[in-house]
Amino acid sequence: MLGLRQTSISNDKITLIGMMGTGKSKFGRLVAKNLNFNFYDVDTLVENKFKTSIENLFMKYGEPFFRNIEAKTIKKLIFNIKKNNEKVVISIGGGAFDNKETRELLLQYTNVIWLNTPVHILVERVGEGSKRPMIKGDAKESINRLLKKRTRFYSLSHYQLDTYKLSQKQVTEEIIKLISSQNNKA
(Lines give C-alpha, C1' and ligand atoms only; values in the text may rest on other atoms or scores of the structure.)
Protein backbone atom coordinates (compact mmCIF):
# COMPACT_ATOMS: atom_id res chain seq x y z
CA MET A 1 0.00 0.00 0.00
CA LEU A 2 1.25 3.43 -0.85
CA GLY A 3 -0.46 6.78 -0.29
CA LEU A 4 0.83 8.92 -3.11
CA ARG A 5 -0.51 12.38 -2.41
CA GLN A 6 -2.59 14.33 0.05
CA THR A 7 -6.13 15.12 -0.95
CA SER A 8 -8.76 17.33 0.63
CA ILE A 9 -11.58 15.55 -1.18
CA SER A 10 -14.38 14.22 0.99
CA ASN A 11 -13.82 10.56 1.84
CA ASP A 12 -17.28 9.59 0.57
CA LYS A 13 -16.35 9.71 -3.13
CA ILE A 14 -14.02 6.95 -4.32
CA THR A 15 -12.88 5.88 -7.78
CA LEU A 16 -11.05 2.62 -8.39
CA ILE A 17 -8.70 2.50 -11.37
CA GLY A 18 -6.30 -0.08 -12.75
CA MET A 19 -5.84 -2.72 -15.38
CA MET A 20 -8.48 -5.24 -16.40
CA GLY A 21 -8.50 -8.11 -13.94
CA THR A 22 -7.45 -6.10 -10.88
CA GLY A 23 -10.89 -6.47 -9.33
CA LYS A 24 -12.12 -2.89 -9.60
CA SER A 25 -15.75 -3.92 -9.97
CA LYS A 26 -15.59 -6.67 -7.35
CA PHE A 27 -13.85 -4.50 -4.75
CA GLY A 28 -15.96 -1.50 -5.66
CA ARG A 29 -19.11 -3.43 -4.83
CA LEU A 30 -17.62 -4.76 -1.58
CA VAL A 31 -16.38 -1.36 -0.40
CA ALA A 32 -19.69 0.30 -1.31
CA LYS A 33 -21.62 -2.39 0.55
CA ASN A 34 -19.38 -2.09 3.63
CA LEU A 35 -19.71 1.71 3.70
CA ASN A 36 -23.36 1.80 2.62
CA PHE A 37 -22.42 3.86 -0.47
CA ASN A 38 -23.85 3.67 -3.97
CA PHE A 39 -21.76 1.74 -6.49
CA TYR A 40 -21.35 2.64 -10.16
CA ASP A 41 -19.51 0.52 -12.69
CA VAL A 42 -18.97 2.73 -15.74
CA ASP A 43 -18.70 -0.25 -18.10
CA THR A 44 -22.08 -1.50 -16.88
CA LEU A 45 -23.61 1.98 -17.30
CA VAL A 46 -22.38 2.07 -20.91
CA GLU A 47 -23.57 -1.49 -21.62
CA ASN A 48 -27.02 -0.72 -20.17
CA LYS A 49 -27.33 2.48 -22.19
CA PHE A 50 -26.43 0.76 -25.47
CA LYS A 51 -27.99 -2.60 -24.59
CA THR A 52 -24.86 -4.45 -25.71
CA SER A 53 -21.48 -5.52 -24.37
CA ILE A 54 -18.31 -3.43 -24.36
CA GLU A 55 -16.82 -6.06 -26.68
CA ASN A 56 -19.62 -5.50 -29.21
CA LEU A 57 -19.27 -1.72 -28.99
CA PHE A 58 -15.55 -2.05 -29.76
CA MET A 59 -16.20 -4.42 -32.66
CA LYS A 60 -19.03 -2.41 -34.18
CA TYR A 61 -17.84 1.18 -33.63
CA GLY A 62 -14.16 0.98 -32.60
CA GLU A 63 -12.18 2.16 -29.61
CA PRO A 64 -12.41 5.95 -30.26
CA PHE A 65 -16.22 5.77 -30.23
CA PHE A 66 -16.19 3.73 -27.02
CA ARG A 67 -13.69 6.04 -25.26
CA ASN A 68 -15.83 9.05 -26.19
CA ILE A 69 -18.97 7.43 -24.77
CA GLU A 70 -17.04 6.32 -21.68
CA ALA A 71 -15.77 9.87 -21.05
CA LYS A 72 -19.25 11.35 -21.49
CA THR A 73 -20.71 8.75 -19.13
CA ILE A 74 -18.13 9.57 -16.44
CA LYS A 75 -18.68 13.32 -16.84
CA LYS A 76 -22.45 12.92 -16.48
CA LEU A 77 -22.00 10.56 -13.53
CA ILE A 78 -19.75 13.04 -11.67
CA PHE A 79 -22.20 15.87 -12.39
CA ASN A 80 -25.07 13.84 -10.91
CA ILE A 81 -23.02 12.71 -7.91
CA LYS A 82 -22.11 16.33 -7.13
CA LYS A 83 -25.68 17.52 -7.66
CA ASN A 84 -27.10 14.84 -5.33
CA ASN A 85 -24.10 14.84 -2.94
CA GLU A 86 -23.97 11.05 -3.17
CA LYS A 87 -21.64 8.78 -1.28
CA VAL A 88 -20.17 6.60 -4.00
CA VAL A 89 -17.63 4.10 -5.16
CA ILE A 90 -16.97 4.21 -8.92
CA SER A 91 -15.22 1.56 -11.00
CA ILE A 92 -13.93 2.69 -14.38
CA GLY A 93 -12.54 0.78 -17.34
CA GLY A 94 -8.79 0.23 -17.50
CA GLY A 95 -8.29 2.81 -20.26
CA ALA A 96 -10.69 5.51 -19.03
CA PHE A 97 -8.00 7.24 -16.95
CA ASP A 98 -5.95 7.79 -20.15
CA ASN A 99 -8.38 10.57 -21.07
CA LYS A 100 -7.06 13.86 -19.67
CA GLU A 101 -10.48 15.45 -19.03
CA THR A 102 -11.75 12.30 -17.32
CA ARG A 103 -8.59 11.99 -15.25
CA GLU A 104 -8.73 15.62 -14.09
CA LEU A 105 -12.43 15.37 -13.24
CA LEU A 106 -11.99 12.20 -11.19
CA LEU A 107 -8.90 13.55 -9.41
CA GLN A 108 -10.72 16.76 -8.55
CA TYR A 109 -13.95 15.25 -7.22
CA THR A 110 -13.09 11.75 -6.01
CA ASN A 111 -10.38 9.89 -4.14
CA VAL A 112 -8.69 7.91 -6.90
CA ILE A 113 -7.15 4.58 -5.86
CA TRP A 114 -5.00 2.59 -8.26
CA LEU A 115 -5.42 -1.15 -7.68
CA ASN A 116 -2.07 -2.49 -8.84
CA THR A 117 -1.64 -6.18 -9.64
CA PRO A 118 1.36 -7.93 -11.27
CA VAL A 119 1.06 -8.86 -14.94
CA HIS A 120 1.32 -12.62 -14.37
CA ILE A 121 -1.74 -12.48 -12.07
CA LEU A 122 -3.66 -10.35 -14.56
CA VAL A 123 -2.91 -12.88 -17.30
CA GLU A 124 -4.25 -15.69 -15.06
CA ARG A 125 -7.43 -13.73 -14.34
CA VAL A 126 -8.05 -12.41 -17.84
CA GLY A 127 -6.94 -15.54 -19.70
CA GLU A 128 -5.46 -16.07 -23.13
CA GLY A 129 -8.81 -16.46 -24.86
CA SER A 130 -10.05 -13.20 -23.44
CA LYS A 131 -13.20 -11.51 -24.69
CA ARG A 132 -11.70 -8.21 -23.60
CA PRO A 133 -11.37 -5.95 -26.63
CA MET A 134 -7.95 -4.54 -25.69
CA ILE A 135 -6.37 -8.03 -25.60
CA LYS A 136 -5.12 -8.94 -29.03
CA GLY A 137 -3.05 -12.07 -29.50
CA ASP A 138 -0.78 -12.98 -26.60
CA ALA A 139 -2.46 -11.83 -23.35
CA LYS A 140 0.80 -11.28 -21.46
CA GLU A 141 2.25 -9.17 -24.26
CA SER A 142 -0.98 -7.15 -24.61
CA ILE A 143 -1.25 -6.52 -20.88
CA ASN A 144 2.42 -5.53 -20.64
CA ARG A 145 1.99 -3.10 -23.53
CA LEU A 146 -1.15 -1.55 -22.03
CA LEU A 147 0.33 -1.33 -18.55
CA LYS A 148 3.46 0.38 -19.86
CA LYS A 149 1.28 2.98 -21.61
CA ARG A 150 -1.12 3.48 -18.69
CA THR A 151 1.26 3.47 -15.71
CA ARG A 152 2.15 7.14 -16.23
CA PHE A 153 -1.54 8.01 -15.85
CA TYR A 154 -2.29 5.53 -13.06
CA SER A 155 0.64 6.95 -11.07
CA LEU A 156 -1.22 10.28 -10.85
CA SER A 157 -3.81 8.66 -8.57
CA HIS A 158 -4.15 9.81 -4.98
CA TYR A 159 -3.33 6.33 -3.71
CA GLN A 160 -1.83 3.08 -4.94
CA LEU A 161 -2.81 -0.24 -3.41
CA ASP A 162 -0.75 -3.30 -4.31
CA THR A 163 -3.30 -6.10 -4.18
CA TYR A 164 -1.12 -9.08 -5.06
CA LYS A 165 -0.62 -10.71 -1.67
CA LEU A 166 -3.86 -9.53 -0.09
CA SER A 167 -7.07 -11.49 0.34
CA GLN A 168 -10.38 -10.13 -0.92
CA LYS A 169 -11.23 -9.07 2.65
CA GLN A 170 -7.84 -7.39 3.11
CA VAL A 171 -8.12 -5.39 -0.13
CA THR A 172 -11.58 -4.20 0.89
CA GLU A 173 -10.34 -3.23 4.37
CA GLU A 174 -7.25 -1.47 2.97
CA ILE A 175 -9.35 0.67 0.62
CA ILE A 176 -11.60 1.68 3.51
CA LYS A 177 -8.57 2.33 5.71
CA LEU A 178 -6.92 4.51 3.04
CA ILE A 179 -9.99 6.69 2.71
CA SER A 180 -10.62 6.85 6.46
CA SER A 181 -7.03 7.83 7.25
CA GLN A 182 -7.11 10.43 4.48
CA ASN A 183 -10.06 12.14 6.09
CA ASN A 184 -8.43 12.09 9.54
CA LYS A 185 -5.47 14.07 8.15
CA ALA A 186 -7.67 16.85 6.79
# chains A, B, ... in the order shown; residues from 1 in each chain; ligands from 1
$ select_by_dssp --residues "region 53-127 of chain A" --states "strand (DSSP E)" --output "list of chain:residue names"
A:Val88, A:Val89, A:Ile90, A:Ser91, A:Asn111, A:Val112, A:Ile113, A:Trp114, A:Leu115, A:Asn116
$ write_last_selection --atoms "all heavy atoms" --output "PDB file, in the first residue's frame"
ATOM      1  N   VAL A  88     -20.316   7.553  -2.910  1.00  0.00           N
ATOM      2  CA  VAL A  88     -20.173   6.599  -4.002  1.00  0.00           C
ATOM      3  C   VAL A  88     -18.810   5.930  -4.067  1.00  0.00           C
ATOM      4  O   VAL A  88     -17.809   6.472  -3.599  1.00  0.00           O
ATOM      5  CB  VAL A  88     -20.414   7.264  -5.380  1.00  0.00           C
ATOM      6  CG1 VAL A  88     -21.811   7.823  -5.495  1.00  0.00           C
ATOM      7  CG2 VAL A  88     -19.377   8.316  -5.670  1.00  0.00           C
ATOM      8  N   VAL A  89     -18.833   4.763  -4.682  1.00  0.00           N
ATOM      9  CA  VAL A  89     -17.632   4.099  -5.164  1.00  0.00           C
ATOM     10  C   VAL A  89     -17.863   3.895  -6.663  1.00  0.00           C
ATOM     11  O   VAL A  89     -18.912   3.397  -7.065  1.00  0.00           O
ATOM     12  CB  VAL A  89     -17.375   2.743  -4.472  1.00  0.00           C
ATOM     13  CG1 VAL A  89     -16.120   2.083  -5.042  1.00  0.00           C
ATOM     14  CG2 VAL A  89     -17.269   2.907  -2.966  1.00  0.00           C
ATOM     15  N   ILE A  90     -16.879   4.308  -7.468  1.00  0.00           N
ATOM     16  CA  ILE A  90     -16.968   4.208  -8.923  1.00  0.00           C
ATOM     17  C   ILE A  90     -15.853   3.287  -9.409  1.00  0.00           C
ATOM     18  O   ILE A  90     -14.717   3.409  -8.974  1.00  0.00           O
ATOM     19  CB  ILE A  90     -16.792   5.589  -9.583  1.00  0.00           C
ATOM     20  CG1 ILE A  90     -17.822   6.589  -9.052  1.00  0.00           C
ATOM     21  CG2 ILE A  90     -16.861   5.479 -11.109  1.00  0.00           C
ATOM     22  CD1 ILE A  90     -17.507   8.030  -9.416  1.00  0.00           C
ATOM     23  N   SER A  91     -16.205   2.403 -10.317  1.00  0.00           N
ATOM     24  CA  SER A  91     -15.223   1.560 -10.998  1.00  0.00           C
ATOM     25  C   SER A  91     -15.212   1.989 -12.454  1.00  0.00           C
ATOM     26  O   SER A  91     -16.271   2.065 -13.085  1.00  0.00           O
ATOM     27  CB  SER A  91     -15.630   0.097 -10.873  1.00  0.00           C
ATOM     28  OG  SER A  91     -14.876  -0.700 -11.741  1.00  0.00           O
ATOM     29  N   ASN A 111     -11.641  10.488  -4.573  1.00  0.00           N
ATOM     30  CA  ASN A 111     -10.380   9.890  -4.141  1.00  0.00           C
ATOM     31  C   ASN A 111     -10.078   8.746  -5.098  1.00  0.00           C
ATOM     32  O   ASN A 111     -10.810   7.767  -5.141  1.00  0.00           O
ATOM     33  CB  ASN A 111     -10.509   9.345  -2.717  1.00  0.00           C
ATOM     34  CG  ASN A 111     -10.604  10.457  -1.706  1.00  0.00           C
ATOM     35  OD1 ASN A 111      -9.608  11.082  -1.373  1.00  0.00           O
ATOM     36  ND2 ASN A 111     -11.816  10.727  -1.233  1.00  0.00           N
ATOM     37  N   VAL A 112      -9.019   8.894  -5.870  1.00  0.00           N
ATOM     38  CA  VAL A 112      -8.686   7.908  -6.895  1.00  0.00           C
ATOM     39  C   VAL A 112      -7.662   6.928  -6.327  1.00  0.00           C
ATOM     40  O   VAL A 112      -6.593   7.334  -5.870  1.00  0.00           O
ATOM     41  CB  VAL A 112      -8.145   8.581  -8.171  1.00  0.00           C
ATOM     42  CG1 VAL A 112      -7.763   7.538  -9.206  1.00  0.00           C
ATOM     43  CG2 VAL A 112      -9.183   9.559  -8.734  1.00  0.00           C
ATOM     44  N   ILE A 113      -8.018   5.645  -6.369  1.00  0.00           N
ATOM     45  CA  ILE A 113      -7.154   4.582  -5.860  1.00  0.00           C
ATOM     46  C   ILE A 113      -6.804   3.644  -7.006  1.00  0.00           C
ATOM     47  O   ILE A 113      -7.692   3.073  -7.638  1.00  0.00           O
ATOM     48  CB  ILE A 113      -7.843   3.797  -4.723  1.00  0.00           C
ATOM     49  CG1 ILE A 113      -8.226   4.733  -3.581  1.00  0.00           C
ATOM     50  CG2 ILE A 113      -6.927   2.668  -4.232  1.00  0.00           C
ATOM     51  CD1 ILE A 113      -9.066   4.072  -2.492  1.00  0.00           C
ATOM     52  N   TRP A 114      -5.512   3.497  -7.230  1.00  0.00           N
ATOM     53  CA  TRP A 114      -5.004   2.587  -8.260  1.00  0.00           C
ATOM     54  C   TRP A 114      -4.813   1.220  -7.632  1.00  0.00           C
ATOM     55  O   TRP A 114      -3.999   1.049  -6.739  1.00  0.00           O
ATOM     56  CB  TRP A 114      -3.693   3.124  -8.817  1.00  0.00           C
ATOM     57  CG  TRP A 114      -2.936   2.212  -9.737  1.00  0.00           C
ATOM     58  CD1 TRP A 114      -3.394   1.107 -10.398  1.00  0.00           C
ATOM     59  CD2 TRP A 114      -1.557   2.333 -10.093  1.00  0.00           C
ATOM     60  NE1 TRP A 114      -2.396   0.539 -11.147  1.00  0.00           N
ATOM     61  CE2 TRP A 114      -1.254   1.277 -10.983  1.00  0.00           C
ATOM     62  CE3 TRP A 114      -0.554   3.233  -9.758  1.00  0.00           C
ATOM     63  CZ2 TRP A 114       0.012   1.091 -11.525  1.00  0.00           C
ATOM     64  CZ3 TRP A 114       0.711   3.049 -10.305  1.00  0.00           C
ATOM     65  CH2 TRP A 114       0.980   1.993 -11.180  1.00  0.00           C
ATOM     66  N   LEU A 115      -5.596   0.241  -8.096  1.00  0.00           N
ATOM     67  CA  LEU A 115      -5.415  -1.149  -7.680  1.00  0.00           C
ATOM     68  C   LEU A 115      -4.363  -1.743  -8.604  1.00  0.00           C
ATOM     69  O   LEU A 115      -4.597  -1.924  -9.799  1.00  0.00           O
ATOM     70  CB  LEU A 115      -6.728  -1.931  -7.774  1.00  0.00           C
ATOM     71  CG  LEU A 115      -7.887  -1.402  -6.926  1.00  0.00           C
ATOM     72  CD1 LEU A 115      -9.099  -2.318  -7.069  1.00  0.00           C
ATOM     73  CD2 LEU A 115      -7.498  -1.250  -5.469  1.00  0.00           C
ATOM     74  N   ASN A 116      -3.207  -2.021  -8.060  1.00  0.00           N
ATOM     75  CA  ASN A 116      -2.070  -2.494  -8.840  1.00  0.00           C
ATOM     76  C   ASN A 116      -1.865  -3.983  -8.602  1.00  0.00           C
ATOM     77  O   ASN A 116      -1.797  -4.428  -7.456  1.00  0.00           O
ATOM     78  CB  ASN A 116      -0.813  -1.706  -8.448  1.00  0.00           C
ATOM     79  CG  ASN A 116       0.342  -1.969  -9.378  1.00  0.00           C
ATOM     80  OD1 ASN A 116       0.170  -2.425 -10.500  1.00  0.00           O
ATOM     81  ND2 ASN A 116       1.535  -1.676  -8.906  1.00  0.00           N
TER      82      ASN A 116
END
$ closest_atom_pairs --of "region 23-107 of chain A" --to "region 149-164 of chain A" --cutoff "10 Å" --atoms "only C-alpha atoms" --output "tab-separated table"
residue	atom	partner	partner_atom	distance
A:Gly23	CA	A:Thr163	CA	9.2
A:Gly94	CA	A:Arg150	CA	8.4
A:Gly95	CA	A:Arg150	CA	7.4
A:Ala96	CA	A:Arg150	CA	9.8
A:Phe97	CA	A:Phe153	CA	6.6
A:Asp98	CA	A:Phe153	CA	6.2
A:Asn99	CA	A:Phe153	CA	9.0
A:Lys100	CA	A:Phe153	CA	8.9
A:Arg103	CA	A:Phe153	CA	8.1
A:Glu104	CA	A:Leu156	CA	9.8
A:Leu106	CA	A:Ser157	CA	9.3
A:Leu107	CA	A:Ser157	CA	7.1
$ write_last_selection --atoms "N, CA, C and O atoms" --output "mmCIF file, in the first residue's frame"
data_model
loop_
_atom_site.group_PDB
_atom_site.id
_atom_site.type_symbol
_atom_site.label_atom_id
_atom_site.label_comp_id
_atom_site.auth_asym_id
_atom_site.auth_seq_id
_atom_site.Cartn_x
_atom_site.Cartn_y
_atom_site.Cartn_z
ATOM 1 N N GLY A 23 -9.779 -6.323 -10.272
ATOM 2 C CA GLY A 23 -10.888 -6.473 -9.330
ATOM 3 C C GLY A 23 -11.586 -5.170 -8.993
ATOM 4 O O GLY A 23 -12.223 -5.061 -7.945
ATOM 5 N N GLY A 94 -10.242 0.094 -17.596
ATOM 6 C CA GLY A 94 -8.791 0.230 -17.500
ATOM 7 C C GLY A 94 -8.208 1.378 -18.292
ATOM 8 O O GLY A 94 -7.209 1.971 -17.895
ATOM 9 N N GLY A 95 -8.821 1.750 -19.417
ATOM 10 C CA GLY A 95 -8.288 2.815 -20.257
ATOM 11 C C GLY A 95 -8.941 4.170 -20.051
ATOM 12 O O GLY A 95 -8.509 5.163 -20.636
ATOM 13 N N ALA A 96 -9.961 4.256 -19.213
ATOM 14 C CA ALA A 96 -10.688 5.511 -19.028
ATOM 15 C C ALA A 96 -9.808 6.620 -18.459
ATOM 16 O O ALA A 96 -9.968 7.791 -18.799
ATOM 17 N N PHE A 97 -8.857 6.250 -17.618
ATOM 18 C CA PHE A 97 -8.003 7.236 -16.949
ATOM 19 C C PHE A 97 -6.957 7.811 -17.909
ATOM 20 O O PHE A 97 -6.283 8.781 -17.589
ATOM 21 N N ASP A 98 -6.843 7.249 -19.116
ATOM 22 C CA ASP A 98 -5.945 7.788 -20.147
ATOM 23 C C ASP A 98 -6.448 9.145 -20.649
ATOM 24 O O ASP A 98 -5.663 9.983 -21.083
ATOM 25 N N ASN A 99 -7.760 9.343 -20.593
ATOM 26 C CA ASN A 99 -8.378 10.570 -21.071
ATOM 27 C C ASN A 99 -8.118 11.706 -20.077
ATOM 28 O O ASN A 99 -8.497 11.618 -18.917
ATOM 29 N N LYS A 100 -7.479 12.768 -20.549
ATOM 30 C CA LYS A 100 -7.063 13.864 -19.670
ATOM 31 C C LYS A 100 -8.241 14.508 -18.937
ATOM 32 O O LYS A 100 -8.183 14.753 -17.733
ATOM 33 N N ARG A 103 -9.571 12.096 -16.342
ATOM 34 C CA ARG A 103 -8.594 11.988 -15.254
ATOM 35 C C ARG A 103 -8.680 13.202 -14.321
ATOM 36 O O ARG A 103 -8.760 13.066 -13.102
ATOM 37 N N GLU A 104 -8.682 14.399 -14.900
ATOM 38 C CA GLU A 104 -8.733 15.623 -14.093
ATOM 39 C C GLU A 104 -10.035 15.721 -13.304
ATOM 40 O O GLU A 104 -10.036 16.126 -12.139
ATOM 41 N N LEU A 106 -11.998 13.195 -12.273
ATOM 42 C CA LEU A 106 -11.988 12.205 -11.189
ATOM 43 C C LEU A 106 -11.034 12.607 -10.070
ATOM 44 O O LEU A 106 -11.358 12.454 -8.889
ATOM 45 N N LEU A 107 -9.867 13.123 -10.425
ATOM 46 C CA LEU A 107 -8.899 13.546 -9.407
ATOM 47 C C LEU A 107 -9.405 14.747 -8.616
ATOM 48 O O LEU A 107 -9.094 14.894 -7.430
#
$ residues_around --residues "Gly93 (chain A)" --least-positions-apart "3" --cutoff "9 Å" --atoms "only C-alpha atoms" --output "ChimeraX atom specification"
/A:17-20,24,41-43,70,96-97
$ closest_residue --among "A:Val119, A:Leu35, A:Ile81, A:Val171" --to "Lys148 (chain A)" --atoms "only C-alpha atoms"
A:Val119
$ select_by_dssp --residues "region 46-92 of chain A" --states "helix (DSSP H, G or I)" --output "PyMOL selection string"
chain A and resi 46-50+54-61+63-84
$ write_last_selection --atoms "N, CA, C and O atoms" --output "CSV table (one decimal), in the first residue's frame"
chain,number,residue,atom,x,y,z
A,46,VAL,N,-22.5,2.0,-19.4
A,46,VAL,CA,-22.4,2.1,-20.9
A,46,VAL,C,-23.1,0.9,-21.6
A,46,VAL,O,-23.9,1.1,-22.5
A,47,GLU,N,-22.9,-0.3,-21.0
A,47,GLU,CA,-23.6,-1.5,-21.6
A,47,GLU,C,-25.1,-1.4,-21.5
A,47,GLU,O,-25.8,-1.7,-22.4
A,48,ASN,N,-25.6,-0.9,-20.4
A,48,ASN,CA,-27.0,-0.7,-20.2
A,48,ASN,C,-27.6,0.3,-21.1
A,48,ASN,O,-28.7,0.1,-21.7
A,49,LYS,N,-26.9,1.4,-21.3
A,49,LYS,CA,-27.3,2.5,-22.2
A,49,LYS,C,-27.4,2.0,-23.6
A,49,LYS,O,-28.4,2.3,-24.3
A,50,PHE,N,-26.5,1.2,-24.1
A,50,PHE,CA,-26.4,0.8,-25.5
A,50,PHE,C,-27.0,-0.6,-25.7
A,50,PHE,O,-27.1,-1.1,-26.8
A,54,ILE,N,-19.5,-4.3,-24.0
A,54,ILE,CA,-18.3,-3.4,-24.4
A,54,ILE,C,-17.6,-4.1,-25.6
A,54,ILE,O,-17.2,-3.3,-26.5
A,55,GLU,N,-17.5,-5.4,-25.6
A,55,GLU,CA,-16.8,-6.1,-26.7
A,55,GLU,C,-17.5,-5.7,-28.0
A,55,GLU,O,-16.9,-5.4,-29.0
A,56,ASN,N,-18.9,-5.8,-28.0
A,56,ASN,CA,-19.6,-5.5,-29.2
A,56,ASN,C,-19.5,-4.0,-29.6
A,56,ASN,O,-19.4,-3.7,-30.8
A,57,LEU,N,-19.5,-3.1,-28.7
A,57,LEU,CA,-19.3,-1.7,-29.0
A,57,LEU,C,-17.9,-1.5,-29.7
A,57,LEU,O,-17.8,-0.8,-30.7
A,58,PHE,N,-16.9,-2.1,-29.1
A,58,PHE,CA,-15.5,-2.0,-29.8
A,58,PHE,C,-15.6,-2.6,-31.2
A,58,PHE,O,-15.0,-2.0,-32.1
A,59,MET,N,-16.2,-3.8,-31.3
A,59,MET,CA,-16.2,-4.4,-32.7
A,59,MET,C,-17.0,-3.6,-33.7
A,59,MET,O,-16.6,-3.5,-34.8
A,60,LYS,N,-18.1,-3.1,-33.3
A,60,LYS,CA,-19.0,-2.4,-34.2
A,60,LYS,C,-18.6,-1.0,-34.5
A,60,LYS,O,-18.7,-0.5,-35.6
A,61,TYR,N,-18.1,-0.3,-33.5
A,61,TYR,CA,-17.8,1.2,-33.6
A,61,TYR,C,-16.4,1.6,-33.4
A,61,TYR,O,-16.0,2.7,-33.8
A,63,GLU,N,-12.6,1.6,-30.9
A,63,GLU,CA,-12.2,2.2,-29.6
A,63,GLU,C,-12.4,3.7,-29.5
A,63,GLU,O,-12.9,4.1,-28.4
A,64,PRO,N,-12.2,4.5,-30.5
A,64,PRO,CA,-12.4,6.0,-30.3
A,64,PRO,C,-13.9,6.3,-29.9
A,64,PRO,O,-14.1,7.1,-29.0
A,65,PHE,N,-14.8,5.6,-30.5
A,65,PHE,CA,-16.2,5.8,-30.2
A,65,PHE,C,-16.5,5.4,-28.8
A,65,PHE,O,-17.1,6.1,-28.0
A,66,PHE,N,-16.0,4.2,-28.4
A,66,PHE,CA,-16.2,3.7,-27.0
A,66,PHE,C,-15.6,4.7,-26.0
A,66,PHE,O,-16.2,5.0,-25.0
A,67,ARG,N,-14.4,5.1,-26.2
A,67,ARG,CA,-13.7,6.0,-25.3
A,67,ARG,C,-14.4,7.4,-25.1
A,67,ARG,O,-14.5,7.9,-24.0
A,68,ASN,N,-15.0,7.8,-26.2
A,68,ASN,CA,-15.8,9.0,-26.2
A,68,ASN,C,-17.1,8.8,-25.3
A,68,ASN,O,-17.4,9.7,-24.5
A,69,ILE,N,-17.8,7.7,-25.6
A,69,ILE,CA,-19.0,7.4,-24.8
A,69,ILE,C,-18.6,7.2,-23.3
A,69,ILE,O,-19.3,7.7,-22.4
A,70,GLU,N,-17.5,6.5,-23.0
A,70,GLU,CA,-17.0,6.3,-21.7
A,70,GLU,C,-16.8,7.6,-21.0
A,70,GLU,O,-17.2,7.9,-19.8
A,71,ALA,N,-16.1,8.6,-21.6
A,71,ALA,CA,-15.8,9.9,-21.1
A,71,ALA,C,-17.0,10.7,-20.8
A,71,ALA,O,-17.2,11.3,-19.7
A,72,LYS,N,-18.0,10.6,-21.7
A,72,LYS,CA,-19.3,11.4,-21.5
A,72,LYS,C,-20.0,10.8,-20.3
A,72,LYS,O,-20.7,11.5,-19.5
A,73,THR,N,-20.0,9.4,-20.2
A,73,THR,CA,-20.7,8.8,-19.1
A,73,THR,C,-20.1,9.1,-17.8
A,73,THR,O,-20.8,9.4,-16.8
A,74,ILE,N,-18.8,9.2,-17.7
A,74,ILE,CA,-18.1,9.6,-16.4
A,74,ILE,C,-18.4,11.0,-16.1
A,74,ILE,O,-18.7,11.3,-14.9
A,75,LYS,N,-18.4,11.9,-17.1
A,75,LYS,CA,-18.7,13.3,-16.8
A,75,LYS,C,-20.1,13.5,-16.3
A,75,LYS,O,-20.3,14.2,-15.3
A,76,LYS,N,-21.1,12.8,-16.9
A,76,LYS,CA,-22.4,12.9,-16.5
A,76,LYS,C,-22.6,12.3,-15.1
A,76,LYS,O,-23.3,12.9,-14.2
A,77,LEU,N,-21.9,11.2,-14.8
A,77,LEU,CA,-22.0,10.6,-13.5
A,77,LEU,C,-21.5,11.5,-12.4
A,77,LEU,O,-22.1,11.7,-11.4
A,78,ILE,N,-20.3,12.1,-12.7
A,78,ILE,CA,-19.7,13.0,-11.7
A,78,ILE,C,-20.7,14.2,-11.4
A,78,ILE,O,-20.9,14.7,-10.3
A,79,PHE,N,-21.2,14.8,-12.5
A,79,PHE,CA,-22.2,15.9,-12.4
A,79,PHE,C,-23.4,15.5,-11.5
A,79,PHE,O,-23.7,16.2,-10.6
A,80,ASN,N,-23.9,14.3,-11.7
A,80,ASN,CA,-25.1,13.8,-10.9
A,80,ASN,C,-24.7,13.5,-9.5
A,80,ASN,O,-25.4,13.8,-8.5
A,81,ILE,N,-23.5,13.0,-9.3
A,81,ILE,CA,-23.0,12.7,-7.9
A,81,ILE,C,-22.9,14.0,-7.1
A,81,ILE,O,-23.3,14.1,-6.0
A,82,LYS,N,-22.3,15.0,-7.8
A,82,LYS,CA,-22.1,16.3,-7.1
A,82,LYS,C,-23.5,16.9,-6.8
A,82,LYS,O,-23.7,17.4,-5.7
A,83,LYS,N,-24.4,16.9,-7.8
A,83,LYS,CA,-25.7,17.5,-7.7
A,83,LYS,C,-26.5,16.9,-6.5
A,83,LYS,O,-27.1,17.6,-5.7
A,84,ASN,N,-26.4,15.6,-6.4
A,84,ASN,CA,-27.1,14.8,-5.3
A,84,ASN,C,-26.3,14.6,-4.1
A,84,ASN,O,-26.8,14.0,-3.1
$ closest_residue --among "A:Thr117, A:Thr172, A:Ser181, A:Thr44" --to "Leu30 (chain A)" --atoms "only C-alpha atoms"
A:Thr172
$ closest_residue --among "A:Asn38, A:Lys13, A:Lys169, A:Ile92" --to "Ser25 (chain A)" --atoms "only C-alpha atoms"
A:Ile92
$ closest_residue --among "A:Asn34, A:Ser53, A:Ser142, A:Thr110" --to "Lys177 (chain A)" --atoms "only C-alpha atoms"
A:Asn34
$ closest_residue --among "A:Glu101, A:Asp12, A:Glu173, A:Asp138" --to "Val123 (chain A)" --atoms "only C-alpha atoms"
A:Asp138
$ closest_residue --among "A:Gly21, A:Leu166, A:Gln108, A:Leu45" --to "Ala139 (chain A)" --atoms "only C-alpha atoms"
A:Gly21
